[in-house]
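A.B. asks: Pasting in a structure now, in structure tokens, and then I'll have a few things to ask.
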Amino acid sequence: MPIILYIGWSRRQSFIDGRGWPITGLIVLTLATVFYILSLQLQIPSFIALSMGLTVFGAILYMSGASVVIEMVIPLLLLLFVIALVVVFALQRVLEHWETPKVVLNNL
């Protein structure tokens with residue numbers, strides 16, 4: 001995570017100089033929000049992590065434009081990877097403590 005923040009901080013001038021894409025950014029943010037709500041309703045944690053990455057992508061596109069998104073591809077992919085790792089580790093913890101009912105085991 002510190003590496004991602006450092007890369008973003010070292011490229012901070014491009015955030016300031018970039019011209020945003022308001023319409024495209026809002027469309028991406030809207031789709032990310034809908035995707036997030038649907039994944040919450042369906043309880044699919046990997047899609048929740050993907051929608052978080054899509055939200056960050058849409059926010060950068062909205063504020064600074066496509067040129068900054070192209071510069072920030074590596075940090076965005078690293079951030080998506082870190083979010084996915086957190087979701088996987090959280091799922092492992094939940095599944096370790098989850099107990100299978102004896103009725104299900106007897107039917108096997």
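In the structure tokens, chains take letters A, B, ... by order of appearance, with residues numbered from 1 within each chain and ligands from 1 in the order shown.
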Name the residues in contact with Val73 of chain A at a cut-off of 12 Å, using only C-alpha atoms, excluding same-chain residues fewer than 5 positions from it; report them as a list in words.

C.D. replies: Ile4, Ile7, Gly8, Arg11, Gly53, Val56, Phe57, Ile60, Leu61, Ala66, Ser67, Val68, Leu78, Leu79 and Leu80 of chain A

A.B. asks: If we count only C-alpha atoms, what is near Gly65 of chain A at a cut-off of 10 Å, once residues fewer than 4 positions away on the same chain are taken out, given as number ranges by chain?

C.D. replies: A: 14-15, 17-22, 24-25, 58-61, 69-70

A.B. asks: Atom CA of Glu71 of chain A and atom CA of Val34 of chain A are how many Å apart?

C.D. replies: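 Here the two named atoms are 26.5 Å from each other.
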
A.B. asks: Give the answer as one residue: which of A:Met72, A:Val88, A:Gln43, A:Leu31 has the shortest atom-to-atom distance to Ser10 of chain A, using only C-alpha atoms?

C.D. replies: A:Met72

A.B. asks: Could you tell me how far atom CA of Val87 of chain A sits from atom CA of Gln41 of chain A, in Å to one decimal place?

C.D. replies: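 We find that atom CA of Gln41 of chain A and atom CA of Val87 of chain A lie 16.5 Å from each other.
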